[in-house]
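J.: My questions will all concern the structure given below.
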Amino acid sequence: MPVTDVRHDLDNLTLTLVAEFAAPVERVWQVYADPRQLEQVWGPPTYPATVVEHDLRPGGRVNYFMTGPEGDKHAGYWLVTAVDEPTSFAFEDGFADLDFNPNPNLPVSQNVYSFAAHGGGTRATYVGTYASAEALQQVLDMGIVEGASLAINQIDALLAS
Amino acid sequence: MTDRSEDQADAFFHALADRTRRDIMRRVLAGQHSVSALAAKYDMSFAAVQKHVAVLEKAGLLTKLRSGREQLVSGDVAAVRSVASMLAELEQVWRGRIARIDDLIASDPDQED
C-alpha cells in the first residue's frame with residue numbers, strides 16, 4: 001500500500017494521510033486537474049463519482065455527485081480556496097442538493113492536498129479538518145463511506161492492513 | 001494533542017488491537033452477554049476472557065453489570081463511534097481513494113520503466 005503515514009489528531013479533529021506514488025508530481029496533479037481522472041478515484045466502486053463541473057482555480061468550484069447501488073444520488077462540491085500548481089491546493093468539501101446548491105445544514109471540511117517530489121516519485125500529504133465531532137459523525141453518516149457498516153469492522157480492516 | 005486524549009486513543013487502539021477483543025466487541029455490540037457465555041465461545045480459559053473484557057472495559061468500549069452471580073457485558077456503541085473511531089473510518093475512505101490513484105497511475109501506458 002502506498003500509504004506511509006497516518007496521523008489522527010483527536011483534539012483538532014484532523015486526519016492526515018501521507019502516501020507515496022511511483023510517478024512524478026505533475027502526473028499526480030493530473031489526477032485532480034482532470035475531472036475524468038478525478039471521478040475514477042473519488043468514489044468507491046459501489047458509489048462511483050461523476051464530476052459535472054470542474055474549475056481548479058482559487059474561488060472555483062468542483063461539483064460532483066455519487067451514485068449508490070439503488071441509483072440514489074448524493075451531491076457534493078469543492079470550493080477551491082488556494083492553488084499552487086502542481087504542488088498544492090486547498091478546498092472546502094461540502095454537501096449539496098442535486099442542483100449543487102450547498103447544503104448549509106451539513107458540515108464542511110477544510111482540506112489541503114500537497115505533493116512533493118520524493119525518491120523519484122511523489123509524496124502526497126492529505127490533511128482534512130472537521131469543525132466538530134458532530135460534523136465528523138454527519139460526514140460519515142452521509143454515505144461517503146461505502147455502505148453502513150459498523151465502525152468496528154472498519155477498525156478491523158485498519159488493523160489487519 | 002493533550003495527554004488525556006493521547007491516553008484515550010492509546011487505550012482505544014490497544015483494546016482493539018487484538019482479534020479476540022474485536023470479536024468480543026462484535027458480540028456485545030449485537031446484544032448483552034454474560035462473561036461466562038462469552039467465555040464458552042473461545043478456546044481459552046474463563047480468566048483469560050475475563051481479562052480481555054477488563055481491557056475493553058478500561059478503554060470505555062463496554063460496560064459490565066452484575067446480575068446475581070452473573071456479570072453481564074454490553075458494548076457501548078457511542079464509545080465505539082468516538083472521535084478516534086470516526087477518524088479511523090474516514091481514514092478507510094481516504095485509503096480507498098489513494099489505492100485507486102495508485103491503480104490509475106500504474107495503468108498509464110508509458111510511465112513505468
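As shown in the C-alpha cells, the chain order sets the letters A, B, ...; within each chain, residues go from 1, and ligands are also counted from 1 in the order they appear.
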Would you mind listing what lies within 10 Å of B:Val73 as a list in words, with only C-alpha atoms counted and same-chain residues fewer than 3 positions away left out?

T.: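 Near B:Val73, the qualifying residues are Ile24, Met25, Arg27, Val28, Leu29, Gly31, Gln32, His33, Ser34, Val35, Leu38, Val53, Glu57, Leu62, Thr63, Lys64, Leu65, Arg66, Glu70 and Asp76 of chain B.
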
J.: Can you write just those residues out, all heavy atoms, as a compact mmCIF listing (two decimals), in the first residue's frame?

T.:
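Ended up saving to selection19.txt:
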# COMPACT_ATOMS: atom_id res chain seq x y z
N ILE B 24 -15.08 -10.08 20.66
CA ILE B 24 -15.94 -9.84 21.84
C ILE B 24 -16.78 -8.59 21.61
O ILE B 24 -17.99 -8.57 21.88
CB ILE B 24 -15.09 -9.71 23.12
CG1 ILE B 24 -14.47 -11.07 23.48
CG2 ILE B 24 -15.93 -9.16 24.28
CD1 ILE B 24 -13.48 -11.02 24.64
N MET B 25 -16.14 -7.52 21.08
CA MET B 25 -16.88 -6.27 20.84
C MET B 25 -18.03 -6.49 19.87
O MET B 25 -19.12 -5.97 20.06
CB MET B 25 -15.95 -5.18 20.29
CG MET B 25 -15.13 -4.45 21.34
SD MET B 25 -16.09 -3.85 22.75
CE MET B 25 -17.21 -2.68 21.97
N ARG B 27 -19.75 -9.16 19.40
CA ARG B 27 -20.83 -9.88 20.08
C ARG B 27 -21.59 -8.97 21.04
O ARG B 27 -22.82 -8.98 21.09
CB ARG B 27 -20.27 -11.08 20.85
CG ARG B 27 -19.70 -12.16 19.95
CD ARG B 27 -19.11 -13.29 20.80
NE ARG B 27 -18.25 -14.15 19.99
CZ ARG B 27 -18.69 -15.16 19.24
NH1 ARG B 27 -19.98 -15.45 19.22
NH2 ARG B 27 -17.86 -15.89 18.54
N VAL B 28 -20.86 -8.18 21.83
CA VAL B 28 -21.55 -7.39 22.86
C VAL B 28 -22.20 -6.12 22.28
O VAL B 28 -23.08 -5.55 22.91
CB VAL B 28 -20.64 -7.06 24.07
CG1 VAL B 28 -20.15 -8.34 24.71
CG2 VAL B 28 -19.49 -6.15 23.67
N LEU B 29 -21.77 -5.72 21.07
CA LEU B 29 -22.49 -4.61 20.40
C LEU B 29 -23.82 -5.12 19.86
O LEU B 29 -24.80 -4.38 19.77
CB LEU B 29 -21.65 -4.02 19.25
CG LEU B 29 -20.52 -3.08 19.67
CD1 LEU B 29 -19.60 -2.79 18.49
CD2 LEU B 29 -21.06 -1.77 20.24
N GLY B 31 -25.63 -7.45 21.35
CA GLY B 31 -26.54 -7.72 22.46
C GLY B 31 -25.77 -8.07 23.73
O GLY B 31 -24.59 -8.40 23.68
N GLN B 32 -26.48 -7.98 24.85
CA GLN B 32 -25.84 -8.24 26.14
C GLN B 32 -25.45 -9.72 26.27
O GLN B 32 -26.20 -10.60 25.85
CB GLN B 32 -26.85 -7.88 27.23
CG GLN B 32 -26.24 -7.67 28.58
CD GLN B 32 -27.27 -7.12 29.57
OE1 GLN B 32 -28.35 -7.69 29.73
NE2 GLN B 32 -26.94 -6.01 30.21
N HIS B 33 -24.27 -9.94 26.80
CA HIS B 33 -23.79 -11.31 27.03
C HIS B 33 -23.26 -11.41 28.46
O HIS B 33 -22.70 -10.44 28.97
CB HIS B 33 -22.64 -11.65 26.10
CG HIS B 33 -23.04 -11.92 24.69
ND1 HIS B 33 -23.55 -10.94 23.87
CD2 HIS B 33 -22.98 -13.05 23.94
CE1 HIS B 33 -23.81 -11.47 22.67
NE2 HIS B 33 -23.46 -12.75 22.70
N SER B 34 -23.39 -12.59 29.07
CA SER B 34 -22.69 -12.80 30.34
C SER B 34 -21.25 -13.16 30.03
O SER B 34 -20.93 -13.66 28.93
CB SER B 34 -23.36 -13.91 31.15
OG SER B 34 -23.18 -15.14 30.49
N VAL B 35 -20.36 -12.90 30.98
CA VAL B 35 -18.94 -13.24 30.76
C VAL B 35 -18.80 -14.74 30.54
O VAL B 35 -18.03 -15.19 29.70
CB VAL B 35 -18.07 -12.74 31.94
CG1 VAL B 35 -16.61 -13.16 31.72
CG2 VAL B 35 -18.14 -11.22 32.07
N LEU B 38 -19.73 -15.60 27.03
CA LEU B 38 -18.64 -15.21 26.13
C LEU B 38 -17.50 -16.21 26.22
O LEU B 38 -16.95 -16.65 25.19
CB LEU B 38 -18.11 -13.81 26.51
CG LEU B 38 -18.96 -12.61 26.11
CD1 LEU B 38 -18.37 -11.34 26.71
CD2 LEU B 38 -19.05 -12.49 24.59
N VAL B 53 -12.14 -8.81 28.61
CA VAL B 53 -13.30 -7.96 28.91
C VAL B 53 -12.85 -6.76 29.74
O VAL B 53 -13.29 -5.62 29.51
CB VAL B 53 -14.41 -8.77 29.62
CG1 VAL B 53 -15.49 -7.85 30.19
CG2 VAL B 53 -15.03 -9.77 28.65
N GLU B 57 -13.27 -2.85 28.94
CA GLU B 57 -14.00 -2.02 29.89
C GLU B 57 -13.16 -0.78 30.25
O GLU B 57 -13.67 0.34 30.29
CB GLU B 57 -14.33 -2.82 31.16
CG GLU B 57 -15.22 -2.05 32.12
CD GLU B 57 -15.45 -2.81 33.43
OE1 GLU B 57 -14.66 -3.73 33.75
OE2 GLU B 57 -16.41 -2.46 34.13
N LEU B 62 -16.99 -1.05 26.60
CA LEU B 62 -18.14 -1.83 27.07
C LEU B 62 -18.37 -1.56 28.55
O LEU B 62 -17.51 -1.01 29.24
CB LEU B 62 -17.96 -3.33 26.79
CG LEU B 62 -16.72 -4.06 27.30
CD1 LEU B 62 -16.78 -4.31 28.80
CD2 LEU B 62 -16.59 -5.39 26.58
N THR B 63 -19.56 -1.92 29.00
CA THR B 63 -19.89 -1.77 30.42
C THR B 63 -20.27 -3.12 30.99
O THR B 63 -20.84 -3.97 30.30
CB THR B 63 -21.07 -0.78 30.62
OG1 THR B 63 -22.14 -1.19 29.77
CG2 THR B 63 -20.66 0.63 30.27
N LYS B 64 -19.94 -3.30 32.27
CA LYS B 64 -20.24 -4.56 32.97
C LYS B 64 -21.28 -4.27 34.04
O LYS B 64 -21.22 -3.25 34.72
CB LYS B 64 -18.97 -5.11 33.61
CG LYS B 64 -18.41 -6.25 32.86
CD LYS B 64 -17.20 -6.95 33.43
CE LYS B 64 -16.52 -6.45 34.64
NZ LYS B 64 -15.14 -6.98 34.74
N LEU B 65 -22.21 -5.20 34.18
CA LEU B 65 -23.29 -5.03 35.15
C LEU B 65 -23.42 -6.36 35.89
O LEU B 65 -23.45 -7.42 35.26
CB LEU B 65 -24.57 -4.73 34.36
CG LEU B 65 -25.82 -4.37 35.15
CD1 LEU B 65 -25.72 -2.90 35.57
CD2 LEU B 65 -27.06 -4.57 34.27
N ARG B 66 -23.48 -6.29 37.23
CA ARG B 66 -23.61 -7.53 37.98
C ARG B 66 -25.10 -7.87 38.13
O ARG B 66 -25.91 -7.02 38.46
CB ARG B 66 -22.96 -7.38 39.36
CG ARG B 66 -22.89 -8.66 40.15
CD ARG B 66 -21.86 -8.59 41.23
NE ARG B 66 -20.50 -8.90 40.77
CZ ARG B 66 -20.08 -10.11 40.43
NH1 ARG B 66 -20.90 -11.15 40.47
NH2 ARG B 66 -18.84 -10.31 40.05
N GLU B 70 -24.01 -13.54 37.92
CA GLU B 70 -23.52 -13.32 36.56
C GLU B 70 -22.99 -11.89 36.39
O GLU B 70 -23.52 -10.95 37.00
CB GLU B 70 -24.67 -13.49 35.56
CG GLU B 70 -25.12 -14.90 35.38
CD GLU B 70 -24.33 -15.60 34.29
OE1 GLU B 70 -23.08 -15.64 34.41
OE2 GLU B 70 -24.93 -16.09 33.34
N ASP B 76 -20.66 -0.42 24.21
CA ASP B 76 -21.09 0.98 24.20
C ASP B 76 -20.90 1.52 22.78
O ASP B 76 -19.80 1.84 22.36
CB ASP B 76 -20.24 1.78 25.20
CG ASP B 76 -20.74 3.21 25.33
OD1 ASP B 76 -21.36 3.72 24.37
OD2 ASP B 76 -20.48 3.83 26.37

J.: Got a sec: who's within 9 Å of B:Ala39, counting only C-alpha atoms, leaving out chain neighbours fewer than 6 positions off, as a list in words?

T.: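 Selected residues are Ser45, Phe46, Ala47, Ala48, Val49 and Gln50 of chain B.
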
J.: Write out the residues from the selection above, keeping N, CA and C atoms, as an mmCIF file, in the first residue's frame.

T.:
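Output below, filename again26.cif:
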data_model
loop_
_atom_site.group_PDB
_atom_site.id
_atom_site.type_symbol
_atom_site.label_atom_id
_atom_site.label_comp_id
_atom_site.auth_asym_id
_atom_site.auth_seq_id
_atom_site.Cartn_x
_atom_site.Cartn_y
_atom_site.Cartn_z
ATOM 1 N N SER B 45 -9.270 -19.929 28.650
ATOM 2 C CA SER B 45 -9.839 -20.037 29.998
ATOM 3 C C SER B 45 -10.805 -18.888 30.283
ATOM 4 N N PHE B 46 -11.686 -19.115 31.226
ATOM 5 C CA PHE B 46 -12.610 -18.081 31.692
ATOM 6 C C PHE B 46 -11.813 -16.851 32.124
ATOM 7 N N ALA B 47 -10.714 -17.097 32.855
ATOM 8 C CA ALA B 47 -9.907 -15.970 33.363
ATOM 9 C C ALA B 47 -9.320 -15.140 32.221
ATOM 10 N N ALA B 48 -8.915 -15.827 31.150
ATOM 11 C CA ALA B 48 -8.330 -15.110 30.005
ATOM 12 C C ALA B 48 -9.386 -14.233 29.333
ATOM 13 N N VAL B 49 -10.593 -14.775 29.178
ATOM 14 C CA VAL B 49 -11.676 -13.994 28.559
ATOM 15 C C VAL B 49 -12.035 -12.820 29.465
ATOM 16 N N GLN B 50 -12.072 -13.099 30.762
ATOM 17 C CA GLN B 50 -12.369 -12.039 31.727
ATOM 18 C C GLN B 50 -11.343 -10.896 31.614
#

J.: DSSP on the backbone, then: every residue of stretch 3-102 of chain B marked alpha helix (DSSP H), written as a PyMOL selection string.

T.: chain B and resi 3-16+19-30+35-39+46-58+77-80+83-102

J.: When you look at stretch 49-60 of chain A with a cut-off of 6 Å (counting only C-alpha atoms), what residues show up, excluding the ones that are within fewer than 4 positions of it in the same chain? I need them as number ranges by chain.

T.: A: 35, 39, 43, 64-66, 80-83

J.: For chain B, report every residue with an atom at most 6 Å from chain A (counting only C-alpha atoms), formatted as a PyMOL selection string.

T.: chain B and resi 1+89+97+100-101

J.: Using atom CA of B:Gln71 and atom CA of B:Asp43 as the two end points, give the distance in Å to one decimal.

T.: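 Atom CA of B:Gln71 sits 19.6 Å away from atom CA of B:Asp43.
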
J.: Could you work out how far atom CA of A:His118 lies from atom CA of A:Trp78, giving the answer in Å with one decimal?

T.: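 Interatomic distance here is 27.5 Å.
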
J.: What is the distance between atom CA of A:Val108 and atom CA of B:Gly60, in Å to one decimal?

T.: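 Distance between the two atoms: 29.4 Å.
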
J.: What residues in stretch 15-94 of chain B get the DSSP label strand (DSSP E or B)? Please answer as a list in words.

T.: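 Restricting stretch 15-94 of chain B to strand (DSSP E or B) produces His33, Ser34, Leu62, Thr63, Lys64, Leu65, Arg66, Ser67, Glu70, Gln71, Leu72, Val73, Ser74 and Gly75 of chain B.
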
J.: So that I have them on file, write out the residues from the current selection with N, CA and C atoms, as a PDB file, in the first residue's frame.

T.:
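Below is the file that was written, result.pdb:
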ATOM      1  N   HIS B  33     -24.268  -9.938  26.803  1.00  0.00           N
ATOM      2  CA  HIS B  33     -23.794 -11.312  27.032  1.00  0.00           C
ATOM      3  C   HIS B  33     -23.261 -11.406  28.457  1.00  0.00           C
ATOM      4  N   SER B  34     -23.390 -12.594  29.070  1.00  0.00           N
ATOM      5  CA  SER B  34     -22.695 -12.797  30.340  1.00  0.00           C
ATOM      6  C   SER B  34     -21.247 -13.164  30.027  1.00  0.00           C
ATOM      7  N   LEU B  62     -16.993  -1.054  26.605  1.00  0.00           N
ATOM      8  CA  LEU B  62     -18.142  -1.829  27.070  1.00  0.00           C
ATOM      9  C   LEU B  62     -18.371  -1.564  28.551  1.00  0.00           C
ATOM     10  N   THR B  63     -19.560  -1.923  29.001  1.00  0.00           N
ATOM     11  CA  THR B  63     -19.892  -1.767  30.420  1.00  0.00           C
ATOM     12  C   THR B  63     -20.273  -3.118  30.991  1.00  0.00           C
ATOM     13  N   LYS B  64     -19.938  -3.296  32.266  1.00  0.00           N
ATOM     14  CA  LYS B  64     -20.239  -4.558  32.968  1.00  0.00           C
ATOM     15  C   LYS B  64     -21.277  -4.271  34.037  1.00  0.00           C
ATOM     16  N   LEU B  65     -22.207  -5.197  34.180  1.00  0.00           N
ATOM     17  CA  LEU B  65     -23.291  -5.034  35.146  1.00  0.00           C
ATOM     18  C   LEU B  65     -23.424  -6.358  35.889  1.00  0.00           C
ATOM     19  N   ARG B  66     -23.479  -6.286  37.227  1.00  0.00           N
ATOM     20  CA  ARG B  66     -23.612  -7.533  37.982  1.00  0.00           C
ATOM     21  C   ARG B  66     -25.095  -7.870  38.135  1.00  0.00           C
ATOM     22  N   SER B  67     -25.439  -9.110  37.824  1.00  0.00           N
ATOM     23  CA  SER B  67     -26.820  -9.563  37.981  1.00  0.00           C
ATOM     24  C   SER B  67     -26.768 -10.917  38.686  1.00  0.00           C
ATOM     25  N   GLU B  70     -24.010 -13.542  37.918  1.00  0.00           N
ATOM     26  CA  GLU B  70     -23.516 -13.316  36.561  1.00  0.00           C
ATOM     27  C   GLU B  70     -22.992 -11.887  36.386  1.00  0.00           C
ATOM     28  N   GLN B  71     -21.991 -11.747  35.527  1.00  0.00           N
ATOM     29  CA  GLN B  71     -21.577 -10.403  35.095  1.00  0.00           C
ATOM     30  C   GLN B  71     -22.053 -10.233  33.655  1.00  0.00           C
ATOM     31  N   LEU B  72     -22.913  -9.246  33.447  1.00  0.00           N
ATOM     32  CA  LEU B  72     -23.454  -9.022  32.102  1.00  0.00           C
ATOM     33  C   LEU B  72     -22.680  -7.889  31.417  1.00  0.00           C
ATOM     34  N   VAL B  73     -22.348  -8.116  30.168  1.00  0.00           N
ATOM     35  CA  VAL B  73     -21.497  -7.188  29.427  1.00  0.00           C
ATOM     36  C   VAL B  73     -22.270  -6.616  28.237  1.00  0.00           C
ATOM     37  N   SER B  74     -22.244  -5.281  28.082  1.00  0.00           N
ATOM     38  CA  SER B  74     -22.859  -4.629  26.912  1.00  0.00           C
ATOM     39  C   SER B  74     -21.838  -3.732  26.247  1.00  0.00           C
ATOM     40  N   GLY B  75     -21.859  -3.699  24.922  1.00  0.00           N
ATOM     41  CA  GLY B  75     -20.984  -2.795  24.184  1.00  0.00           C
ATOM     42  C   GLY B  75     -21.551  -1.390  24.203  1.00  0.00           C
TER      43      GLY B  75
END
